[in-house]
Amino acid sequence: MPDDDPEALRRRLRVDYPIQADRALGGGTLPTHRLQGVLGRPGQLRPHDYVLSFVHWSWFFVPHGTLAYVLLCHREHYPRSAVLMAACFDLGCVVYWAVPTAPPWWAGANGNMPPVRRIMAEAGESFWRRAWRPLYHALEGNPFAAMPSLHFGTSVMAARVLSVVGRGPGALGWTYALSLGFGLVYLGEHYLIDLIAGFALAEAVWRIAPRFEPWAKLLAGGLSRLEPRLG
């Protein structure tokens, strides 16, 4: 995984370029700072802070839950859906290794820009209390996996997959993806440019996949014919 050697990863860490990109996108003010200034209240947690934090936490179930739903209810769409989701996730992990990028909360805490509240962590400590630290450390991954946002990219892919099987599931998928995207920026977990990159990755995989599908089927057929010979 990209964070097997944290020190080597830190030596290659990029911090400034997403800050500059988000300042340009926000007209001189980072969207995270703007949203936290309007909707946040320093030192206090408001109801929407908890709601958006739960939307963020629920992401751990969304990509796999989407594929489980497709497998159980629309089995004919499952193989293609699983390959698309895996391709989106795996290609994003390649970028994490190639260009390790710090998230807004880390950049703010380390003096690269004005501080950013990590509202998700505040809400977690308030809601889960003593259970928060064990939960967080059990699920904590690479802290420098900000670009692209795979939270958003895989949620967009889930929405795409669900749109194929029905209008209702598709609407639910897009509602979740947009809510999560808003929350990721507001909570201080991702820059807006991270979300744009995650969306671009998901859309690129979705649109390019049909061109590779015949070659993938050919390769899969060749491998299946080799299996009996290989024992």
# chains A, B, ... in the order shown; residues from 1 in each chain; ligands from 1
$ select_by_dssp --residues "chain A" --states "helix (DSSP H, G or I)" --output "PyMOL selection string"
chain A and resi 6-11+16-25+31-39+47-73+75-98+104-109+119-139+150-165+167-186+192-230
$ closest_atom_pairs --of "segment 167-205 of chain A" --to "segment 147-159 of chain A" --cutoff "9 Å" --atoms "only C-alpha atoms" --output "JSON lines"
{"residue": "A:Pro169", "atom": "CA", "partner": "A:Ala159", "partner_atom": "CA", "distance": 7.9}
{"residue": "A:Gly170", "atom": "CA", "partner": "A:Ala159", "partner_atom": "CA", "distance": 5.5}
{"residue": "A:Ala171", "atom": "CA", "partner": "A:Ala159", "partner_atom": "CA", "distance": 7.6}
{"residue": "A:Leu172", "atom": "CA", "partner": "A:Ala159", "partner_atom": "CA", "distance": 7.6}
{"residue": "A:Gly173", "atom": "CA", "partner": "A:Ala159", "partner_atom": "CA", "distance": 4.1}
{"residue": "A:Trp174", "atom": "CA", "partner": "A:Ala159", "partner_atom": "CA", "distance": 5.1}
{"residue": "A:Thr175", "atom": "CA", "partner": "A:Ala159", "partner_atom": "CA", "distance": 8.5}
{"residue": "A:Tyr176", "atom": "CA", "partner": "A:Ser155", "partner_atom": "CA", "distance": 7.5}
{"residue": "A:Ala177", "atom": "CA", "partner": "A:Ser155", "partner_atom": "CA", "distance": 5.2}
{"residue": "A:Leu178", "atom": "CA", "partner": "A:Phe152", "partner_atom": "CA", "distance": 8.3}
{"residue": "A:Leu180", "atom": "CA", "partner": "A:Phe152", "partner_atom": "CA", "distance": 7.0}
{"residue": "A:Gly181", "atom": "CA", "partner": "A:Phe152", "partner_atom": "CA", "distance": 6.0}
{"residue": "A:Leu184", "atom": "CA", "partner": "A:Phe152", "partner_atom": "CA", "distance": 8.4}
{"residue": "A:His190", "atom": "CA", "partner": "A:Ser149", "partner_atom": "CA", "distance": 7.0}
{"residue": "A:Tyr191", "atom": "CA", "partner": "A:Ser149", "partner_atom": "CA", "distance": 8.6}
{"residue": "A:Ile193", "atom": "CA", "partner": "A:Pro148", "partner_atom": "CA", "distance": 8.1}
{"residue": "A:Asp194", "atom": "CA", "partner": "A:Pro148", "partner_atom": "CA", "distance": 4.8}
{"residue": "A:Leu195", "atom": "CA", "partner": "A:Ser149", "partner_atom": "CA", "distance": 5.3}
{"residue": "A:Ile196", "atom": "CA", "partner": "A:Pro148", "partner_atom": "CA", "distance": 7.8}
{"residue": "A:Ala197", "atom": "CA", "partner": "A:Pro148", "partner_atom": "CA", "distance": 5.0}
{"residue": "A:Gly198", "atom": "CA", "partner": "A:Gly153", "partner_atom": "CA", "distance": 4.2}
{"residue": "A:Phe199", "atom": "CA", "partner": "A:Gly153", "partner_atom": "CA", "distance": 5.1}
{"residue": "A:Ala200", "atom": "CA", "partner": "A:Gly153", "partner_atom": "CA", "distance": 7.8}
{"residue": "A:Leu201", "atom": "CA", "partner": "A:Gly153", "partner_atom": "CA", "distance": 6.6}
{"residue": "A:Ala202", "atom": "CA", "partner": "A:Gly153", "partner_atom": "CA", "distance": 5.3}
{"residue": "A:Glu203", "atom": "CA", "partner": "A:Met157", "partner_atom": "CA", "distance": 7.7}
{"residue": "A:Val205", "atom": "CA", "partner": "A:Met157", "partner_atom": "CA", "distance": 8.8}
$ closest_atom_pairs --of "segment 29-75 of chain A" --to "segment 120-126 of chain A" --cutoff "10 Å" --atoms "only C-alpha atoms" --output "tab-separated table"
residue	atom	partner	partner_atom	distance
A:Gly43	CA	A:Glu122	CA	9.3
A:Gln44	CA	A:Glu122	CA	9.1
A:Leu45	CA	A:Ala123	CA	7.0
A:Arg46	CA	A:Ala123	CA	9.3
A:Pro47	CA	A:Ala123	CA	9.9
A:Asp49	CA	A:Ala123	CA	6.9
A:Tyr50	CA	A:Ala123	CA	5.9
A:Val51	CA	A:Ala123	CA	9.4
A:Leu52	CA	A:Met120	CA	8.1
A:Ser53	CA	A:Met120	CA	5.1
A:Phe54	CA	A:Met120	CA	8.5
A:His56	CA	A:Met120	CA	8.0
A:Trp57	CA	A:Met120	CA	8.8
$ residues_around --residues "Arg80 of chain A" --least-positions-apart "6" --cutoff "10 Å" --atoms "only C-alpha atoms" --output "PyMOL selection string"
chain A and resi 86+161+209-210+213
$ closest_residue --among "A:Trp59, A:Ile19, A:Ala82, A:Leu35" --to "Trp206 of chain A" --atoms "only C-alpha atoms"
A:Ala82
$ closest_residue --among "A:Val55, A:Leu25, A:Leu30, A:Cys88" --to "Ala204 of chain A" --atoms "only C-alpha atoms"
A:Cys88
$ atom_distance --atom1 "atom CA of Leu135 of chain A" --atom2 "atom CA of Pro103 of chain A"
20.4 Å
$ closest_residue --among "A:Leu84, A:Val70, A:Met113, A:Ile119" --to "Gly183 of chain A" --atoms "only C-alpha atoms"
A:Ile119
$ closest_residue --among "A:Arg10, A:His64, A:Arg117, A:His48" --to "Arg34 of chain A" --atoms "only C-alpha atoms"
A:Arg117
$ decode --residues "segment 143-154 of chain A" --atoms "N, CA, C and O atoms" --output "PDB file, in the first residue's frame"
ATOM      1  N   PRO A 143      -2.847   9.034   5.585  1.00  0.00           N
ATOM      2  CA  PRO A 143      -3.334  10.408   5.750  1.00  0.00           C
ATOM      3  C   PRO A 143      -3.049  11.292   4.540  1.00  0.00           C
ATOM      4  O   PRO A 143      -3.613  12.376   4.424  1.00  0.00           O
ATOM      5  N   PHE A 144      -2.173  10.840   3.646  1.00  0.00           N
ATOM      6  CA  PHE A 144      -1.794  11.656   2.497  1.00  0.00           C
ATOM      7  C   PHE A 144      -2.423  11.119   1.216  1.00  0.00           C
ATOM      8  O   PHE A 144      -1.820  11.106   0.151  1.00  0.00           O
ATOM      9  N   ALA A 145      -3.659  10.656   1.354  1.00  0.00           N
ATOM     10  CA  ALA A 145      -4.410  10.132   0.219  1.00  0.00           C
ATOM     11  C   ALA A 145      -5.539  11.099  -0.121  1.00  0.00           C
ATOM     12  O   ALA A 145      -6.717  10.756  -0.068  1.00  0.00           O
ATOM     13  N   ALA A 146      -5.157  12.344  -0.427  1.00  0.00           N
ATOM     14  CA  ALA A 146      -6.168  13.377  -0.663  1.00  0.00           C
ATOM     15  C   ALA A 146      -6.511  13.553  -2.136  1.00  0.00           C
ATOM     16  O   ALA A 146      -7.630  13.919  -2.479  1.00  0.00           O
ATOM     17  N   MET A 147      -5.551  13.299  -3.010  1.00  0.00           N
ATOM     18  CA  MET A 147      -5.725  13.589  -4.438  1.00  0.00           C
ATOM     19  C   MET A 147      -5.555  12.324  -5.262  1.00  0.00           C
ATOM     20  O   MET A 147      -4.495  11.700  -5.226  1.00  0.00           O
ATOM     21  N   PRO A 148      -6.594  11.894  -5.989  1.00  0.00           N
ATOM     22  CA  PRO A 148      -7.961  12.428  -6.042  1.00  0.00           C
ATOM     23  C   PRO A 148      -8.770  11.920  -4.853  1.00  0.00           C
ATOM     24  O   PRO A 148      -8.337  11.004  -4.157  1.00  0.00           O
ATOM     25  N   SER A 149      -9.934  12.502  -4.635  1.00  0.00           N
ATOM     26  CA  SER A 149     -10.805  12.018  -3.571  1.00  0.00           C
ATOM     27  C   SER A 149     -11.509  10.747  -4.028  1.00  0.00           C
ATOM     28  O   SER A 149     -12.419  10.788  -4.855  1.00  0.00           O
ATOM     29  N   LEU A 150     -11.072   9.605  -3.483  1.00  0.00           N
ATOM     30  CA  LEU A 150     -11.756   8.359  -3.815  1.00  0.00           C
ATOM     31  C   LEU A 150     -13.054   8.209  -3.044  1.00  0.00           C
ATOM     32  O   LEU A 150     -13.918   7.427  -3.442  1.00  0.00           O
ATOM     33  N   HIS A 151     -13.200   8.938  -1.928  1.00  0.00           N
ATOM     34  CA  HIS A 151     -14.524   8.997  -1.312  1.00  0.00           C
ATOM     35  C   HIS A 151     -15.541   9.474  -2.349  1.00  0.00           C
ATOM     36  O   HIS A 151     -16.606   8.873  -2.526  1.00  0.00           O
ATOM     37  N   PHE A 152     -15.190  10.564  -3.038  1.00  0.00           N
ATOM     38  CA  PHE A 152     -16.123  11.128  -4.005  1.00  0.00           C
ATOM     39  C   PHE A 152     -16.128  10.325  -5.300  1.00  0.00           C
ATOM     40  O   PHE A 152     -17.195  10.052  -5.873  1.00  0.00           O
ATOM     41  N   GLY A 153     -14.943   9.938  -5.788  1.00  0.00           N
ATOM     42  CA  GLY A 153     -14.867   9.222  -7.057  1.00  0.00           C
ATOM     43  C   GLY A 153     -15.632   7.913  -7.036  1.00  0.00           C
ATOM     44  O   GLY A 153     -16.397   7.614  -7.963  1.00  0.00           O
ATOM     45  N   THR A 154     -15.460   7.110  -5.978  1.00  0.00           N
ATOM     46  CA  THR A 154     -16.179   5.828  -5.924  1.00  0.00           C
ATOM     47  C   THR A 154     -17.667   6.038  -5.678  1.00  0.00           C
ATOM     48  O   THR A 154     -18.490   5.227  -6.106  1.00  0.00           O
TER      49      THR A 154
END
